[in-house]
Every structure is written in C-alpha cells, then in structure tokens.
>>> print(open('coords33.cif').read())   # mmCIF, C-alpha atoms
data_coords
#
loop_
_atom_site.label_atom_id
_atom_site.label_comp_id
_atom_site.auth_asym_id
_atom_site.auth_seq_id
_atom_site.Cartn_x
_atom_site.Cartn_y
_atom_site.Cartn_z
CA MET K 190 96.86 117.42 98.00
CA PRO K 191 95.69 114.03 96.73
CA THR K 192 96.05 113.27 93.03
CA LEU K 193 94.41 110.57 90.93
CA ASP K 194 96.04 108.67 88.10
CA ARG K 195 95.03 105.61 86.10
CA GLN K 196 97.17 102.70 85.02
CA ASP K 197 95.06 100.54 82.69
CA ASN K 198 92.29 99.20 84.94
CA VAL K 199 93.78 100.48 88.19
CA PHE K 200 93.19 103.93 89.61
CA VAL K 201 96.05 105.11 91.83
CA LEU K 202 95.14 107.76 94.38
CA ASP K 203 98.26 109.38 95.83
CA LEU K 204 97.30 110.87 99.18
CA GLY K 205 100.09 113.46 99.10
CA ASP K 206 103.68 114.02 100.15
CA GLY K 207 103.19 115.47 103.65
CA GLU K 208 101.56 114.02 106.75
CA ASN K 209 98.34 113.66 104.74
CA ARG K 210 96.17 114.58 107.68
CA PHE K 211 92.41 114.71 107.25
CA HIS K 212 92.01 118.46 106.71
CA PRO K 213 88.55 119.30 105.33
CA ASP K 214 90.08 120.30 101.99
CA TRP K 215 91.97 116.97 101.87
CA LEU K 216 88.78 115.07 102.65
CA ALA K 217 86.96 116.92 99.87
CA ALA K 218 89.74 116.13 97.40
CA VAL K 219 89.66 112.42 98.26
CA ASP K 220 85.87 112.36 97.95
CA GLY K 221 86.15 114.03 94.54
CA ALA K 222 88.66 111.43 93.40
CA LEU K 223 86.40 108.62 94.58
CA ASP K 224 83.53 110.20 92.63
CA GLU K 225 85.63 109.87 89.49
CA VAL K 226 86.55 106.28 90.31
CA GLU K 227 82.92 105.31 90.86
CA LYS K 228 81.89 106.83 87.54
CA ALA K 229 84.26 104.53 85.64
CA GLU K 230 82.67 101.78 83.59
CA GLY K 231 84.04 98.32 83.11
CA PRO K 232 86.80 96.59 85.06
CA CYS K 233 88.56 98.77 87.60
CA ALA K 234 90.19 98.72 91.02
CA LEU K 235 91.73 101.29 93.34
CA VAL K 236 95.12 101.67 95.01
CA THR K 237 95.78 104.38 97.58
CA ALA K 238 99.40 105.27 98.18
CA ALA K 239 101.47 108.27 99.24
CA THR K 240 104.84 109.87 98.68
CA GLY K 241 107.40 110.45 101.40
CA LYS K 242 107.58 109.56 105.08
CA PHE K 243 103.86 109.24 105.76
CA TYR K 244 100.91 107.35 104.34
CA SER K 245 98.61 109.29 106.65
CA ASN K 246 98.84 110.67 110.17
CA GLY K 247 95.08 110.79 110.60
CA LEU K 248 92.93 113.57 111.97
CA ASP K 249 94.04 117.18 111.55
CA LEU K 250 94.19 117.99 115.26
CA ASP K 251 95.46 121.54 114.66
CA TRP K 252 92.44 122.29 112.50
CA LEU K 253 90.16 120.74 115.12
CA LEU K 254 91.60 122.91 117.89
CA ALA K 255 90.98 125.99 115.77
CA HIS K 256 87.44 124.92 114.87
CA ALA K 257 86.13 123.26 118.04
CA ASP K 258 82.58 124.31 117.17
CA GLN K 259 82.73 122.05 114.09
CA HIS K 260 84.01 118.97 115.92
CA GLN K 261 80.91 116.84 115.39
CA ASP K 262 80.52 117.74 111.71
CA TYR K 263 84.20 117.03 111.14
CA VAL K 264 84.01 113.57 112.72
CA THR K 265 80.89 112.85 110.67
CA SER K 266 82.82 113.68 107.49
CA VAL K 267 85.71 111.41 108.52
CA HIS K 268 83.26 108.62 109.29
CA GLY K 269 81.72 109.19 105.88
CA LEU K 270 85.04 108.67 104.14
CA LEU K 271 85.74 105.48 106.11
CA ALA K 272 82.29 104.13 105.29
CA ARG K 273 82.65 105.02 101.63
CA MET K 274 86.00 103.29 101.30
CA LEU K 275 84.74 100.21 103.14
CA SER K 276 81.76 99.87 100.80
CA LEU K 277 83.18 100.89 97.40
CA PRO K 278 81.89 98.53 94.68
CA LEU K 279 85.39 97.62 93.53
CA VAL K 280 88.47 96.06 95.08
CA THR K 281 90.64 98.52 97.00
CA VAL K 282 94.29 98.12 98.02
CA ALA K 283 96.09 100.36 100.51
CA ALA K 284 99.84 100.73 99.96
CA PRO K 285 101.33 102.30 103.13
CA GLN K 286 104.91 103.19 102.26
CA GLY K 287 105.42 105.09 105.51
CA HIS K 288 103.89 105.90 108.88
CA THR K 289 100.20 105.01 109.09
CA PHE K 290 98.70 106.34 112.30
CA ALA K 291 95.33 106.83 114.00
CA ALA K 292 92.55 107.63 111.51
CA GLY K 293 95.11 107.01 108.75
CA ALA K 294 95.46 103.46 110.06
CA MET K 295 91.68 103.14 110.17
CA PHE K 296 91.51 104.40 106.60
CA SER K 297 93.90 101.61 105.59
CA LEU K 298 91.67 99.06 107.35
CA ALA K 299 88.71 100.24 105.27
CA HIS K 300 90.48 98.85 102.18
CA ASP K 301 90.14 95.24 101.07
CA VAL K 302 93.89 94.56 100.98
CA ARG K 303 96.96 96.21 102.54
CA VAL K 304 100.56 96.14 101.28
CA MET K 305 103.06 97.69 103.70
CA ARG K 306 106.71 98.58 103.52
CA ALA K 307 108.63 95.90 105.43
CA ASP K 308 111.73 97.67 106.67
CA ARG K 309 110.59 101.09 107.89
CA GLY K 310 107.44 102.88 108.98
CA PHE K 311 104.87 102.02 111.61
CA TRP K 312 101.18 101.20 111.66
CA CYS K 313 99.67 102.41 114.93
CA LEU K 314 96.46 103.32 116.73
CA PRO K 315 97.84 105.78 119.34
CA GLU K 316 94.51 106.91 120.80
CA ALA K 317 95.16 105.36 124.24
CA ASP K 318 98.41 107.33 124.48
CA ILE K 319 96.96 110.66 123.35
CA ASN K 320 93.76 110.35 125.41
CA ILE K 321 91.33 110.36 122.51
CA PRO K 322 88.74 107.55 122.73
CA PHE K 323 87.67 105.77 119.58
CA THR K 324 84.22 106.71 118.36
CA PRO K 325 81.64 103.90 118.15
CA GLY K 326 82.02 103.86 114.36
CA MET K 327 85.80 103.70 114.50
CA SER K 328 85.69 100.93 117.11
CA ALA K 329 83.29 98.95 114.94
CA LEU K 330 85.54 99.31 111.89
CA ILE K 331 88.71 98.23 113.70
CA GLN K 332 87.05 95.26 115.37
CA ALA K 333 85.47 94.13 112.11
CA ARG K 334 88.75 94.18 110.19
CA LEU K 335 91.16 92.78 112.78
CA SER K 336 91.13 89.62 114.87
CA PRO K 337 89.88 90.14 118.45
CA ARG K 338 93.39 89.65 119.87
CA THR K 339 95.02 92.09 117.48
CA ALA K 340 92.24 94.66 117.82
CA HIS K 341 92.57 94.54 121.61
CA GLU K 342 96.34 94.93 121.53
CA ALA K 343 96.31 97.69 118.92
CA MET K 344 93.53 99.69 120.60
CA VAL K 345 94.48 99.23 124.25
CA THR K 346 98.29 99.32 124.12
CA ALA K 347 98.82 101.68 121.15
CA ARG K 348 101.53 99.32 119.91
CA ARG K 349 103.54 100.45 116.90
CA TYR K 350 103.72 97.66 114.34
CA GLY K 351 106.51 97.52 111.79
CA GLY K 352 105.84 95.81 108.49
CA HIS K 353 106.79 92.28 109.52
CA ASP K 354 104.93 92.55 112.85
CA ALA K 355 101.87 93.97 111.09
CA LEU K 356 101.92 91.03 108.69
CA ALA K 357 102.22 88.52 111.56
CA ALA K 358 99.31 90.20 113.36
CA GLY K 359 97.09 90.12 110.28
CA ILE K 360 96.94 93.92 110.02
CA VAL K 361 98.43 93.87 106.52
CA ASP K 362 98.39 91.18 103.86
CA HIS K 363 101.86 91.75 102.43
CA ALA K 364 105.10 93.30 103.69
CA VAL K 365 107.53 94.10 100.87
CA ALA K 366 110.58 96.21 100.04
CA GLU K 367 110.10 99.97 99.75
CA ASP K 368 110.44 100.02 95.97
CA ALA K 369 107.86 97.24 95.59
CA VAL K 370 105.03 98.61 97.74
CA ARG K 371 103.13 100.53 95.08
CA SER K 372 103.85 98.11 92.21
CA THR K 373 102.75 95.13 94.30
CA ALA K 374 99.54 96.94 95.25
CA VAL K 375 98.82 97.77 91.60
CA GLU K 376 99.46 94.18 90.56
CA LEU K 377 97.11 92.85 93.25
CA ALA K 378 94.44 95.39 92.34
CA ALA K 379 94.69 94.66 88.62
CA ALA K 380 94.08 90.97 89.23
CA GLN K 381 90.75 91.83 90.90
CA ALA K 382 89.55 94.61 88.57
CA GLY K 383 86.98 92.38 86.91
CA LYS K 384 85.00 92.15 90.15
CA ALA K 385 83.94 95.80 90.12
CA GLY K 386 80.23 96.35 90.01
CA ASP K 387 76.94 96.37 91.89
CA SER K 388 77.23 92.78 93.09
CA LEU K 389 80.50 93.47 94.89
CA GLY K 390 79.01 96.62 96.36
CA THR K 391 76.07 94.62 97.70
CA ILE K 392 78.39 91.97 99.14
CA LYS K 393 80.36 94.60 101.04
CA ALA K 394 77.26 96.46 102.19
CA ARG K 395 75.77 93.29 103.66
CA MET K 396 79.07 92.01 105.08
CA TYR K 397 79.74 95.25 106.94
CA ALA K 398 76.18 96.44 107.57
CA PRO K 399 76.64 97.02 111.34
CA VAL K 400 79.93 98.89 110.80
CA LEU K 401 78.46 101.06 108.06
CA ALA K 402 75.44 101.85 110.23
CA ALA K 403 77.72 102.92 113.09
CA LEU K 404 79.88 105.07 110.81
CA ARG K 405 76.89 106.71 109.14
CA ALA K 406 75.00 107.49 112.36
CA LYS K 407 74.76 111.28 112.54
CA ASP K 408 72.81 111.82 115.76
CA ASN K 409 75.77 111.22 118.10
CA PRO K 410 78.88 110.25 116.13
CA LEU K 411 81.18 110.80 119.11
CA GLY K 412 79.26 108.36 121.32
#
>>> encode(input="coords33.cif", output="structure tokens")
Amino acid sequence: MPTLDRQDNVFVLDLGDGENRFHPDWLAAVDGALDEVEKAEGPCALVTAATGKFYSNGLDLDWLLAHADQHQDYVTSVHGLLARMLSLPLVTVAAPQGHTFAAGAMFSLAHDVRVMRADRGFWCLPEADINIPFTPGMSALIQARLSPRTAHEAMVTARRYGGHDALAAGIVDHAVAEDAVRSTAVELAAAQAGKAGDSLGTIKARMYAPVLAALRAKDNPLG
C-alpha cells in the first residue's frame, strides 16, 4: 500500500512495491496521503514514486470484473484522483522508475513534472490494444498534457515509450539513471516548494478548467 514520508519541504508518496493498480483501498490510501499533504503549512511540494518493477499499471481490472455493478462509481473515483492531482495547490513531480501504463500513465500526466528512468521501463497508453476506450475525462487530460502529435500517437497506436523516447516526445521532462530518478524528482520538487498555496491552486484550476470539469462530471463519466 502507498506510504507517505517527508524530506524537509518535500513529501514523498511511495505508491507501493507491486503493480500499484487502482484498487479501491489503494485509491483511499492515496487520497488519505494527499489529505495530509494539503494540510501542511508553509513551503511544500510532492513527489510520487514507487519501488520495484512498476510505477503503476493503472486500473484494477480484476476488481472491476468482480464488481461490474460498481463500474461507474469506480471510474468516478479514479477520475476524482486524477482531477485532484492535476489541481493540487503545490508543485507535483512524478518519478516513474518502472512500467507506467494506462491509468497509471494518466496519473503521471496529472503531475506538473515527470522524471523517468532512462534505461528500462515503458510509459504506455494500451487502451487501443485492450479494447477499452478512453473516457471523456481521460481523453481531455491526455490531450491537455501532451502535444497533439504525441497524444494522437500514444492514444491511437498504444506505443510503448522508453525513457529516451518519452523525453523526445515531451511525455516526460527528464530521463535519468535508475538510481537518480527519485533523488532528481526530490531536488526538482524542493526547488519549487515555495510556490505552494492558494494562488498556485487557482492558476491550475483556471488553466485546466475544461479538463477538471470533464473529470468531475458524475452524470455519465464513461461517455
């Protein structure tokens, strides 16, 4: 399960050491950690990282198959997490040290900055290959955070991007050695900790107003 630590002005949220899929209990734990982060006063920033082979493999499809009657509520909760991360009133840095797929990739896009391992691990939106269409909210998030060309390629072809390719495509901001992923993310976050506060929250809310509205729409989240 996710765990939260603090290094001076930087909170580090470790997503776990498994596939870190979005099980309801995992989602609740992340939300609880973000509650703690948002309660902090003074300068602060957030890094999300993970331990092991995966940063996150996205939706918990096994749980969904076993709880088909809760499909819409589940997607609404996932949308809620993406919207919350996108609009947090502090600078956020994702540090994918391993595979970052599907909703896990979208979760990384909801951060302000991304630092990816250069030599191993893929960032991928596999929905076209697994026959699961993007929801309107997910589509809005991806298209807001990637260039039109990259969004089209990533969404339509399900391309797997390694660290260097992800950097070239503008998906991530830095591609570094494995042992430098988390430390680089913390360093970048620390440099922006002084920006935390209501003004930054307002900037993000206005910048991404259409995306946030699409993610927070509860009437028909699946489209």
>>> residues_around(input="coords33.cif", residues="Pro191 of chain K", least_positions_apart="6", cutoff="9 Å", atoms="only C-alpha atoms", output="list in words")
Leu202, Asp203, Leu204, Gly205, Asp206, Asn209, Trp215, Ala218, Val219, Ala222 and Ala239 of chain K
>>> closest_atom_pairs(input="coords33.cif", of="segment 224-298 of chain K", to="segment 371-375 of chain K", cutoff="12 Å", atoms="only C-alpha atoms", output="tab-separated table")
residue	atom	partner	partner_atom	distance
K:Cys233	CA	K:Val375	CA	11.1
K:Ala234	CA	K:Val375	CA	8.7
K:Leu235	CA	K:Val375	CA	8.1
K:Val236	CA	K:Val375	CA	6.4
K:Thr237	CA	K:Ala374	CA	8.7
K:Ala238	CA	K:Arg371	CA	6.8
K:Ala239	CA	K:Arg371	CA	8.9
K:Thr240	CA	K:Arg371	CA	10.2
K:Tyr244	CA	K:Arg371	CA	11.7
K:Val280	CA	K:Val375	CA	11.1
K:Thr281	CA	K:Ala374	CA	9.2
K:Val282	CA	K:Ala374	CA	6.1
K:Ala283	CA	K:Ala374	CA	7.2
K:Ala284	CA	K:Arg371	CA	5.9
K:Pro285	CA	K:Arg371	CA	8.4
K:Gln286	CA	K:Arg371	CA	7.9
K:Gly287	CA	K:Arg371	CA	11.6
>>> residues_near_point(input="coords33.cif", point="(98.2, 114.3, 110.1)", cutoff="12 Å", atoms="only C-alpha atoms", output="short mmCIF file (atom, residue, chain, number, x, y, z; two decimals) with C-alpha atoms, in the coordinates of the input")
data_model
loop_
_atom_site.label_atom_id
_atom_site.label_comp_id
_atom_site.auth_asym_id
_atom_site.auth_seq_id
_atom_site.Cartn_x
_atom_site.Cartn_y
_atom_site.Cartn_z
CA LEU K 204 97.30 110.87 99.18
CA GLY K 205 100.09 113.46 99.10
CA ASP K 206 103.68 114.02 100.15
CA GLY K 207 103.19 115.47 103.65
CA GLU K 208 101.56 114.02 106.75
CA ASN K 209 98.34 113.66 104.74
CA ARG K 210 96.17 114.58 107.68
CA PHE K 211 92.41 114.71 107.25
CA HIS K 212 92.01 118.46 106.71
CA PRO K 213 88.55 119.30 105.33
CA TRP K 215 91.97 116.97 101.87
CA LYS K 242 107.58 109.56 105.08
CA PHE K 243 103.86 109.24 105.76
CA TYR K 244 100.91 107.35 104.34
CA SER K 245 98.61 109.29 106.65
CA ASN K 246 98.84 110.67 110.17
CA GLY K 247 95.08 110.79 110.60
CA LEU K 248 92.93 113.57 111.97
CA ASP K 249 94.04 117.18 111.55
CA LEU K 250 94.19 117.99 115.26
CA ASP K 251 95.46 121.54 114.66
CA TRP K 252 92.44 122.29 112.50
CA LEU K 253 90.16 120.74 115.12
CA HIS K 288 103.89 105.90 108.88
CA THR K 289 100.20 105.01 109.09
CA PHE K 290 98.70 106.34 112.30
CA ALA K 291 95.33 106.83 114.00
CA ALA K 292 92.55 107.63 111.51
CA GLY K 293 95.11 107.01 108.75
CA ALA K 294 95.46 103.46 110.06
#
>>> resolve_selection(input="coords33.cif", expression="the PyMOL selection byres ((chain K and resi 317-328) around 9)", output="list in words")
Val264, His268, Leu271, Ala292, Met295, Leu314, Pro315, Glu316, Ala329, Leu330, Ile331, Gln332, Ala333, Met344, Val345, Thr346, Ala347, Val400, Leu401, Ala402, Ala403, Leu404, Arg405, Ala406, Pro410, Leu411 and Gly412 of chain K
>>> atom_distance(input="coords33.cif", atom1="atom CA of Leu389 of chain K", atom2="atom CA of Val370 of chain K")
25.2 Å
>>> closest_residue(input="coords33.cif", among="K:Asp258, K:Asp197, K:Glu225, K:Asp308", to="Glu367 of chain K", atoms="all atoms listed in the file")
K:Asp308
>>> closest_residue(input="coords33.cif", among="K:Ala299, K:Met396, K:Ile360, K:Ala257", to="Gly269 of chain K", atoms="all atoms listed in the file")
K:Ala299
>>> resolve_selection(input="coords33.cif", expression="the PyMOL selection byres ((chain K and resi 379-385) around 6)", output="list of chain:residue names")
K:Val199, K:Pro232, K:Cys233, K:Ala234, K:Pro278, K:Leu279, K:Val375, K:Glu376, K:Leu377, K:Ala378, K:Gly386
>>> closest_residue(input="coords33.cif", among="K:Leu270, K:Leu335, K:Leu254, K:Cys313", to="Arg348 of chain K", atoms="all atoms listed in the file")
K:Cys313
>>> axis_aligned_box(input="coords33.cif", around="segment 357-371 of chain K", padding_each_side="6 Å", output="lines of an AutoDock Vina configuration file")
center_x = 103.8
center_y = 94.5
center_z = 104.2
size_x = 25.6
size_y = 24.0
size_z = 30.3
>>> atom_distance(input="coords33.cif", atom1="atom CA of Asn409 of chain K", atom2="atom CA of Gly390 of chain K")
26.4 Å
>>> atom_distance(input="coords33.cif", atom1="atom CA of Gly352 of chain K", atom2="atom CA of Ala307 of chain K")
4.1 Å
>>> closest_residue(input="coords33.cif", among="K:Met305, K:Leu298, K:Val365, K:Ala217", to="Ser266 of chain K", atoms="only C-alpha atoms")
K:Ala217
>>> closest_residue(input="coords33.cif", among="K:Ala255, K:Leu216, K:Ala355, K:Ala272", to="Pro399 of chain K", atoms="all atoms listed in the file")
K:Ala272
>>> closest_residue(input="coords33.cif", among="K:Val304, K:Leu223, K:Met190, K:Ile392", to="Asp368 of chain K", atoms="all atoms listed in the file")
K:Val304
>>> residues_around(input="coords33.cif", residues="Gly359 of chain K", least_positions_apart="6", cutoff="12 Å", atoms="only C-alpha atoms", output="list of chain:residue names")
K:Leu298, K:Val302, K:Arg303, K:Val304, K:Met305, K:Trp312, K:Arg334, K:Leu335, K:Ser336, K:Pro337, K:Arg338, K:Thr339, K:Ala340, K:Ala343, K:Tyr350, K:Gly352, K:His353
>>> build_atoms(input="coords33.cif", residues="segment 265-295 of chain K", atoms="N, CA and C atoms", output="tab-separated table (two decimals), in the frame of the given file")
chain	number	residue	atom	x	y	z
K	265	THR	N	81.87	113.45	111.59
K	265	THR	CA	80.89	112.85	110.67
K	265	THR	C	81.47	112.73	109.27
K	266	SER	N	82.22	113.74	108.83
K	266	SER	CA	82.82	113.68	107.49
K	266	SER	C	83.91	112.62	107.42
K	267	VAL	N	84.69	112.46	108.48
K	267	VAL	CA	85.71	111.41	108.52
K	267	VAL	C	85.05	110.04	108.50
K	268	HIS	N	84.02	109.88	109.31
K	268	HIS	CA	83.26	108.62	109.29
K	268	HIS	C	82.74	108.33	107.89
K	269	GLY	N	82.26	109.37	107.22
K	269	GLY	CA	81.72	109.19	105.88
K	269	GLY	C	82.75	108.66	104.91
K	270	LEU	N	83.98	109.16	105.02
K	270	LEU	CA	85.04	108.67	104.14
K	270	LEU	C	85.37	107.21	104.45
K	271	LEU	N	85.45	106.86	105.73
K	271	LEU	CA	85.74	105.48	106.11
K	271	LEU	C	84.65	104.53	105.60
K	272	ALA	N	83.40	104.96	105.75
K	272	ALA	CA	82.29	104.13	105.29
K	272	ALA	C	82.31	103.99	103.77
K	273	ARG	N	82.62	105.07	103.10
K	273	ARG	CA	82.65	105.02	101.63
K	273	ARG	C	83.73	104.08	101.14
K	274	MET	N	84.92	104.17	101.73
K	274	MET	CA	86.00	103.29	101.30
K	274	MET	C	85.67	101.83	101.59
K	275	LEU	N	85.07	101.58	102.75
K	275	LEU	CA	84.74	100.21	103.14
K	275	LEU	C	83.72	99.59	102.19
K	276	SER	N	82.87	100.41	101.60
K	276	SER	CA	81.76	99.87	100.80
K	276	SER	C	81.89	100.13	99.30
K	277	LEU	N	83.03	100.64	98.84
K	277	LEU	CA	83.18	100.89	97.40
K	277	LEU	C	82.91	99.61	96.60
K	278	PRO	N	82.22	99.72	95.48
K	278	PRO	CA	81.89	98.53	94.68
K	278	PRO	C	83.01	98.09	93.75
K	279	LEU	N	84.22	98.08	94.27
K	279	LEU	CA	85.39	97.62	93.53
K	279	LEU	C	86.44	97.24	94.56
K	280	VAL	N	87.43	96.49	94.15
K	280	VAL	CA	88.47	96.06	95.08
K	280	VAL	C	89.44	97.21	95.33
K	281	THR	N	89.78	97.42	96.60
K	281	THR	CA	90.64	98.52	97.00
K	281	THR	C	91.88	97.95	97.71
K	282	VAL	N	93.03	98.55	97.43
K	282	VAL	CA	94.29	98.12	98.02
K	282	VAL	C	95.01	99.34	98.59
K	283	ALA	N	95.29	99.31	99.88
K	283	ALA	CA	96.09	100.36	100.51
K	283	ALA	C	97.56	99.99	100.42
K	284	ALA	N	98.40	100.98	100.12
K	284	ALA	CA	99.84	100.73	99.96
K	284	ALA	C	100.63	101.67	100.88
K	285	PRO	N	100.59	101.44	102.20
K	285	PRO	CA	101.33	102.30	103.13
K	285	PRO	C	102.84	102.14	102.97
K	286	GLN	N	103.47	103.19	102.46
K	286	GLN	CA	104.91	103.19	102.26
K	286	GLN	C	105.63	103.84	103.43
K	287	GLY	N	104.86	104.38	104.38
K	287	GLY	CA	105.42	105.09	105.51
K	287	GLY	C	104.48	105.02	106.70
K	288	HIS	N	104.67	105.93	107.65
K	288	HIS	CA	103.89	105.90	108.88
K	288	HIS	C	102.38	105.98	108.60
K	289	THR	N	101.64	105.13	109.28
K	289	THR	CA	100.20	105.01	109.09
K	289	THR	C	99.58	105.01	110.48
K	290	PHE	N	99.09	106.17	110.91
K	290	PHE	CA	98.70	106.34	112.30
K	290	PHE	C	97.23	106.75	112.44
K	291	ALA	N	96.64	106.35	113.57
K	291	ALA	CA	95.33	106.83	114.00
K	291	ALA	C	94.28	106.66	112.90
K	292	ALA	N	93.58	107.74	112.55
K	292	ALA	CA	92.55	107.63	111.51
K	292	ALA	C	93.15	107.22	110.17
K	293	GLY	N	94.45	107.51	109.96
K	293	GLY	CA	95.11	107.01	108.75
K	293	GLY	C	95.19	105.50	108.75
K	294	ALA	N	95.45	104.91	109.93
K	294	ALA	CA	95.46	103.46	110.06
K	294	ALA	C	94.06	102.89	109.85
K	295	MET	N	93.06	103.58	110.38
K	295	MET	CA	91.68	103.14	110.17
K	295	MET	C	91.30	103.21	108.69
